[in-house]
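Novice: Supplied structure: entry-v1.cif, mmCIF, C-alpha atoms.
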data_protein
#
loop_
_atom_site.group_PDB
_atom_site.id
_atom_site.type_symbol
_atom_site.label_atom_id
_atom_site.label_comp_id
_atom_site.auth_asym_id
_atom_site.auth_seq_id
_atom_site.Cartn_x
_atom_site.Cartn_y
_atom_site.Cartn_z
ATOM 1 C CA MET A 1 51.846 -35.152 68.475
ATOM 2 C CA GLN A 2 48.162 -35.050 69.412
ATOM 3 C CA LEU A 3 47.970 -31.404 68.361
ATOM 4 C CA ALA A 4 49.534 -32.234 65.002
ATOM 5 C CA LEU A 5 47.013 -35.033 64.394
ATOM 6 C CA ALA A 6 44.117 -32.861 65.525
ATOM 7 C CA GLY A 7 45.056 -30.322 62.886
ATOM 8 C CA CYS A 8 45.045 -33.057 60.256
ATOM 9 C CA GLY A 9 41.543 -34.269 61.198
ATOM 10 C CA PRO A 10 39.674 -32.729 58.227
ATOM 11 C CA LEU A 11 42.400 -33.853 55.803
ATOM 12 C CA VAL A 12 42.333 -37.442 57.110
ATOM 13 C CA LEU A 13 38.539 -37.465 56.965
ATOM 14 C CA MET A 14 38.600 -36.261 53.341
ATOM 15 C CA LEU A 15 41.210 -38.892 52.444
ATOM 16 C CA VAL A 16 39.227 -41.731 54.071
ATOM 17 C CA THR A 17 35.992 -40.577 52.381
ATOM 18 C CA THR A 18 37.736 -40.431 48.997
ATOM 19 C CA VAL A 19 39.183 -43.937 49.399
ATOM 20 C CA LEU A 20 35.876 -45.440 50.553
ATOM 21 C CA THR A 21 33.938 -43.727 47.776
ATOM 22 C CA SER A 22 36.351 -44.767 45.022
ATOM 23 C CA THR A 23 36.359 -48.384 46.209
ATOM 24 C CA GLY A 24 32.569 -48.537 46.283
ATOM 25 C CA ALA A 25 32.384 -48.947 50.064
ATOM 26 C CA VAL A 26 30.145 -45.868 50.275
ATOM 27 C CA PRO A 27 27.239 -45.643 47.793
ATOM 28 C CA VAL A 28 27.288 -42.476 45.716
ATOM 29 C CA PRO A 29 23.927 -41.410 44.268
ATOM 30 C CA THR A 30 23.905 -41.130 40.494
ATOM 31 C CA PRO A 31 22.642 -37.771 39.199
ATOM 32 C CA LEU A 32 19.318 -38.343 37.452
ATOM 33 C CA GLY A 33 20.366 -36.376 34.404
ATOM 34 C CA SER A 34 23.326 -38.674 33.720
ATOM 35 C CA LEU A 35 21.299 -41.916 33.779
ATOM 36 C CA LEU A 36 21.342 -42.381 30.011
ATOM 37 C CA GLY A 37 25.082 -41.855 29.964
ATOM 38 C CA ALA A 38 25.600 -44.520 32.598
ATOM 39 C CA ARG A 39 27.974 -47.365 31.875
ATOM 40 C CA GLY A 40 26.134 -50.157 30.090
ATOM 41 C CA CYS A 41 23.200 -47.984 28.998
ATOM 42 C CA HIS A 42 23.582 -47.919 25.219
ATOM 43 C CA VAL A 43 20.280 -47.162 23.503
ATOM 44 C CA ALA A 44 21.385 -44.496 20.998
ATOM 45 C CA GLN A 45 21.662 -47.278 18.397
ATOM 46 C CA PHE A 46 17.850 -47.572 18.444
ATOM 47 C CA LYS A 47 17.109 -44.080 17.115
ATOM 48 C CA SER A 48 15.994 -45.874 13.974
ATOM 49 C CA LEU A 49 15.620 -49.535 13.078
ATOM 50 C CA SER A 50 16.804 -51.020 9.793
ATOM 51 C CA PRO A 51 14.386 -51.205 6.806
ATOM 52 C CA GLN A 52 14.437 -55.026 7.086
ATOM 53 C CA GLU A 53 13.401 -54.881 10.747
ATOM 54 C CA MET A 54 10.622 -52.389 10.011
ATOM 55 C CA LYS A 55 9.367 -54.592 7.168
ATOM 56 C CA ALA A 56 9.218 -57.563 9.551
ATOM 57 C CA PHE A 57 7.232 -55.455 12.037
ATOM 58 C CA ARG A 58 4.783 -54.366 9.313
ATOM 59 C CA ARG A 59 4.172 -57.988 8.350
ATOM 60 C CA ALA A 60 3.658 -58.907 11.989
ATOM 61 C CA LYS A 61 1.252 -56.003 12.582
ATOM 62 C CA ASP A 62 -0.803 -56.907 9.481
ATOM 63 C CA ALA A 63 -1.014 -60.548 10.583
ATOM 64 C CA LEU A 64 -1.986 -59.580 14.135
ATOM 65 C CA GLU A 65 -4.698 -57.202 12.911
ATOM 66 C CA GLU A 66 -6.093 -59.859 10.575
ATOM 67 C CA SER A 67 -6.159 -62.365 13.433
ATOM 68 C CA LEU A 68 -7.983 -59.863 15.665
ATOM 69 C CA LEU A 69 -10.559 -59.137 12.924
ATOM 70 C CA LEU A 70 -11.272 -62.848 12.493
ATOM 71 C CA ARG A 71 -11.898 -63.138 16.226
ATOM 72 C CA ASN A 72 -14.033 -59.977 16.220
ATOM 73 C CA CYS A 73 -12.254 -58.466 19.231
ATOM 74 C CA SER A 74 -13.746 -55.237 20.539
ATOM 75 C CA CYS A 75 -12.531 -53.455 23.668
ATOM 76 C CA SER A 76 -13.912 -50.601 25.731
ATOM 77 C CA SER A 77 -10.554 -49.532 27.202
ATOM 78 C CA ARG A 78 -7.010 -49.085 25.916
ATOM 79 C CA PRO A 79 -4.227 -50.204 28.275
ATOM 80 C CA LEU A 80 -1.781 -48.211 26.107
ATOM 81 C CA PRO A 81 -3.717 -45.025 25.264
ATOM 82 C CA ARG A 82 -2.716 -42.749 22.381
ATOM 83 C CA THR A 83 -2.534 -39.766 24.733
ATOM 84 C CA TRP A 84 0.625 -41.156 26.386
ATOM 85 C CA ASP A 85 3.711 -39.217 25.417
ATOM 86 C CA LEU A 86 7.104 -39.935 26.963
ATOM 87 C CA ARG A 87 7.997 -36.260 26.620
ATOM 88 C CA GLN A 88 5.646 -35.645 29.578
ATOM 89 C CA LEU A 89 8.130 -37.553 31.765
ATOM 90 C CA GLN A 90 11.547 -36.618 33.110
ATOM 91 C CA VAL A 91 14.503 -38.044 31.189
ATOM 92 C CA TRP A 92 15.291 -40.664 33.895
ATOM 93 C CA GLU A 93 11.627 -41.801 33.942
ATOM 94 C CA ARG A 94 11.394 -42.493 30.213
ATOM 95 C CA PRO A 95 13.420 -45.736 30.140
ATOM 96 C CA VAL A 96 11.377 -46.987 33.112
ATOM 97 C CA ALA A 97 8.087 -46.357 31.279
ATOM 98 C CA LEU A 98 9.381 -47.817 28.005
ATOM 99 C CA GLU A 99 10.781 -50.897 29.751
ATOM 100 C CA ALA A 100 7.342 -51.594 31.294
ATOM 101 C CA GLU A 101 5.642 -51.005 27.933
ATOM 102 C CA LEU A 102 8.096 -53.350 26.215
ATOM 103 C CA ALA A 103 7.731 -56.031 28.901
ATOM 104 C CA LEU A 104 3.950 -56.100 28.416
ATOM 105 C CA THR A 105 4.344 -56.135 24.617
ATOM 106 C CA LEU A 106 6.775 -59.057 24.762
ATOM 107 C CA LYS A 107 4.546 -61.013 27.115
ATOM 108 C CA VAL A 108 1.440 -60.553 24.954
ATOM 109 C CA LEU A 109 3.153 -61.163 21.601
ATOM 110 C CA GLY A 110 5.042 -64.135 23.044
ATOM 111 C CA THR A 111 1.712 -65.787 23.865
ATOM 112 C CA VAL A 112 0.434 -65.144 20.322
ATOM 113 C CA ALA A 113 3.644 -66.503 18.795
ATOM 114 C CA ASN A 114 3.340 -69.689 20.815
ATOM 115 C CA SER A 115 -0.203 -70.260 19.594
ATOM 116 C CA THR A 116 -0.549 -69.145 15.967
ATOM 117 C CA LEU A 117 1.845 -66.640 14.421
ATOM 118 C CA GLY A 118 5.237 -68.021 15.404
ATOM 119 C CA ASP A 119 7.000 -67.712 12.020
ATOM 120 C CA ILE A 120 5.809 -64.154 11.390
ATOM 121 C CA LEU A 121 6.599 -62.945 14.909
ATOM 122 C CA ASP A 122 10.040 -64.578 15.244
ATOM 123 C CA GLN A 123 12.091 -61.674 13.875
ATOM 124 C CA PRO A 124 10.086 -58.868 15.588
ATOM 125 C CA LEU A 125 10.227 -60.697 18.922
ATOM 126 C CA HIS A 126 13.979 -61.203 18.538
ATOM 127 C CA THR A 127 14.415 -57.450 17.914
ATOM 128 C CA LEU A 128 12.158 -56.505 20.837
ATOM 129 C CA HIS A 129 14.015 -58.863 23.196
ATOM 130 C CA HIS A 130 17.319 -57.298 22.106
ATOM 131 C CA VAL A 131 15.999 -53.753 22.694
ATOM 132 C CA HIS A 132 14.539 -54.811 26.055
ATOM 133 C CA SER A 133 17.834 -56.320 27.246
ATOM 134 C CA LYS A 134 19.736 -53.123 26.354
ATOM 135 C CA LEU A 135 17.063 -50.937 27.922
ATOM 136 C CA GLN A 136 17.224 -52.776 31.246
ATOM 137 C CA ALA A 137 20.735 -51.361 31.760
ATOM 138 C CA CYS A 138 19.160 -47.875 31.715
ATOM 139 C CA VAL A 139 16.563 -48.607 34.396
ATOM 140 C CA PRO A 140 17.570 -48.144 38.049
ATOM 141 C CA ALA A 141 17.319 -51.387 40.024
ATOM 142 C CA GLU A 142 14.366 -51.477 42.417
ATOM 143 C CA SER A 143 16.666 -52.492 45.262
ATOM 144 C CA THR A 144 18.666 -49.255 45.115
ATOM 145 C CA ALA A 145 17.491 -46.218 47.018
ATOM 146 C CA GLY A 146 16.544 -44.394 43.854
ATOM 147 C CA PRO A 147 13.647 -42.014 43.274
ATOM 148 C CA ARG A 148 10.195 -43.584 43.607
ATOM 149 C CA PRO A 149 7.854 -43.336 40.605
ATOM 150 C CA ARG A 150 5.287 -40.578 40.986
ATOM 151 C CA GLY A 151 2.995 -38.443 38.877
ATOM 152 C CA HIS A 152 2.533 -39.587 35.279
ATOM 153 C CA LEU A 153 5.062 -42.403 35.590
ATOM 154 C CA ARG A 154 3.334 -43.915 38.611
ATOM 155 C CA GLN A 155 -0.041 -43.757 36.839
ATOM 156 C CA TRP A 156 1.355 -45.392 33.707
ATOM 157 C CA LEU A 157 3.062 -48.236 35.553
ATOM 158 C CA HIS A 158 -0.071 -48.868 37.622
ATOM 159 C CA ARG A 159 -2.228 -48.895 34.479
ATOM 160 C CA LEU A 160 0.013 -51.449 32.784
ATOM 161 C CA GLN A 161 -0.024 -53.699 35.856
ATOM 162 C CA GLU A 162 -3.805 -53.470 36.119
ATOM 163 C CA ALA A 163 -4.295 -54.120 32.394
ATOM 164 C CA GLU A 164 -2.363 -57.359 32.640
ATOM 165 C CA LYS A 165 -4.626 -58.520 35.469
ATOM 166 C CA LYS A 166 -8.004 -57.285 34.219
ATOM 167 C CA GLU A 167 -8.005 -57.049 30.415
ATOM 168 C CA SER A 168 -8.955 -59.974 28.191
ATOM 169 C CA ARG A 169 -6.259 -61.552 26.056
ATOM 170 C CA GLY A 170 -7.904 -60.152 22.912
ATOM 171 C CA CYS A 171 -7.963 -56.593 24.267
ATOM 172 C CA LEU A 172 -4.318 -56.780 25.305
ATOM 173 C CA GLU A 173 -3.389 -58.051 21.831
ATOM 174 C CA ALA A 174 -5.383 -55.260 20.183
ATOM 175 C CA SER A 175 -3.790 -52.578 22.347
ATOM 176 C CA VAL A 176 -0.247 -53.909 21.912
ATOM 177 C CA THR A 177 -0.747 -54.268 18.144
ATOM 178 C CA SER A 178 -2.069 -50.728 17.656
ATOM 179 C CA ASN A 179 0.751 -49.383 19.849
ATOM 180 C CA LEU A 180 3.557 -51.289 18.101
ATOM 181 C CA PHE A 181 4.732 -48.609 15.674
ATOM 182 C CA ARG A 182 4.372 -45.809 18.202
ATOM 183 C CA LEU A 183 6.609 -47.835 20.532
ATOM 184 C CA LEU A 184 9.221 -48.301 17.780
ATOM 185 C CA ALA A 185 9.104 -44.964 15.982
ATOM 186 C CA ARG A 186 8.320 -42.539 18.791
ATOM 187 C CA ASP A 187 8.859 -43.957 22.298
ATOM 188 C CA LEU A 188 12.073 -45.864 21.547
ATOM 189 C CA LYS A 189 13.494 -42.939 19.576
ATOM 190 C CA CYS A 190 12.628 -40.541 22.417
ATOM 191 C CA VAL A 191 14.526 -42.650 24.970
ATOM 192 C CA ALA A 192 17.452 -43.028 22.541
ATOM 193 C CA ASP A 193 17.557 -39.229 22.052
ATOM 194 C CA GLY A 194 17.779 -38.618 25.824
ATOM 195 C CA ASP A 195 17.790 -34.883 26.666
ATOM 196 C CA LEU A 196 17.219 -34.033 23.002
ATOM 197 C CA CYS A 197 13.682 -35.486 23.101
ATOM 198 C CA VAL A 198 11.599 -32.408 23.928
#
The structure given in the file should be rewritten as structure tokens.

Specialist:
Amino acid sequence: MQLALAGCGPLVLMLVTTVLTSTGAVPVPTPLGSLLGARGCHVAQFKSLSPQEMKAFRRAKDALEESLLLRNCSCSSRPLPRTWDLRQLQVWERPVALEAELALTLKVLGTVANSTLGDILDQPLHTLHHVHSKLQACVPAESTAGPRPRGHLRQWLHRLQEAEKKESRGCLEASVTSNLFRLLARDLKCVADGDLCV
């Protein structure tokens, strides 16, 4: 009997491992390349926004720029520089970078909406909140033992965190405003395209 069981050792071990894995008792790392195909991560719909949404964003951008001109805002640095290109990042890193970019944009524009441009910013903010909520399903939770940001991604995330602490409100508004269409037309589309964004 003992000999028979000893011979079944590898088979029993495989069976137990399979059961534990399928029930979620043992964490299985998700391949980085399949992140955008993960359950709940549905961003392909944002490859292009509707003409009505883009019109609302144009109105918002014009109003923001006019407001900045009236306040004579001038900044020496750009928290969201034009040289940033999500194609420099790995596919799994792109949603992380875009989520941080969107979070800062929402925070800054939310403050403006509360003070002066509420009516004009309502629709764009609604769209950005919707995109942000969908994008969060594509970003690995910090609590999981996932890959740590490094290289370009680490620099970008650090720069965004520092900008929020150090930049004036006017400079943040100026940077977010000038970055708005790049975020919508290039960065969001790149994340939505996944592996096809090269």

Novice: Apply the PyMOL selection byres ((chain A and resi 157) around 12) to the displayed file and report the matching residues as a ChimeraX atom specification.

Specialist: /A:79-80,84,93-104,148-156,158-164

Novice: Using only C-alpha atoms, find the one residue out of A:Cys197, A:Leu68, A:Leu184, A:Val112 that sits nearest to Val131 (chain A).

Specialist: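 Looking at the shortest contact to Val131 (chain A), the residue is A:Leu184.
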
Novice: Taking the file as shown, find all residues satisfying the PyMOL selection byres ((chain A and resi 129) around 12) and write them as an MDAnalysis selection string.

Specialist: chainID A and resid 99 102:107 109:110 121:128 130:136

Novice: Excluding Lys61 (chain A) and residues on its chain fewer than 2 positions from it, collect all residues at most 9 Å away from it, counting all atoms listed in the file, and give them as a VMD selection string.

Specialist: chain A and resid 56 to 59 63 to 66 177 to 178 180 to 181

Novice: For the selection you just gave me, I'd like the residues written to a file as a PDB file, in the coordinates of the input, keeping C-alpha atoms.

Specialist:
ATOM      1  CA  ALA A  56       9.218 -57.563   9.551  1.00  0.00           C
ATOM      2  CA  PHE A  57       7.232 -55.455  12.037  1.00  0.00           C
ATOM      3  CA  ARG A  58       4.783 -54.366   9.313  1.00  0.00           C
ATOM      4  CA  ARG A  59       4.172 -57.988   8.350  1.00  0.00           C
ATOM      5  CA  ALA A  63      -1.014 -60.548  10.583  1.00  0.00           C
ATOM      6  CA  LEU A  64      -1.986 -59.580  14.135  1.00  0.00           C
ATOM      7  CA  GLU A  65      -4.698 -57.202  12.911  1.00  0.00           C
ATOM      8  CA  GLU A  66      -6.093 -59.859  10.575  1.00  0.00           C
ATOM      9  CA  THR A 177      -0.747 -54.268  18.144  1.00  0.00           C
ATOM     10  CA  SER A 178      -2.069 -50.728  17.656  1.00  0.00           C
ATOM     11  CA  LEU A 180       3.557 -51.289  18.101  1.00  0.00           C
ATOM     12  CA  PHE A 181       4.732 -48.609  15.674  1.00  0.00           C
TER      13      PHE A 181
END

Novice: Identify which of the residues A:Leu196, A:Val43, A:Val139, A:Ala174 lies closest to Asn72 (chain A), counting all atoms listed in the file when measuring atom-to-atom distances.

Specialist: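 Nearest candidate to Asn72 (chain A) out of A:Leu196, A:Val43, A:Val139, A:Ala174: A:Ala174.
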
Novice: Find the distance between CA of Asp85 (chain A) and CA of Asp187 (chain A) and write it in Å to one decimal.

Specialist: 7.7 Å

Novice: Quick one: of A:Arg182, A:Arg71, A:Arg82, A:Lys47, who's nearest to Arg169 (chain A), counting all atoms listed in the file?

Specialist: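 Closest candidate: A:Arg71.
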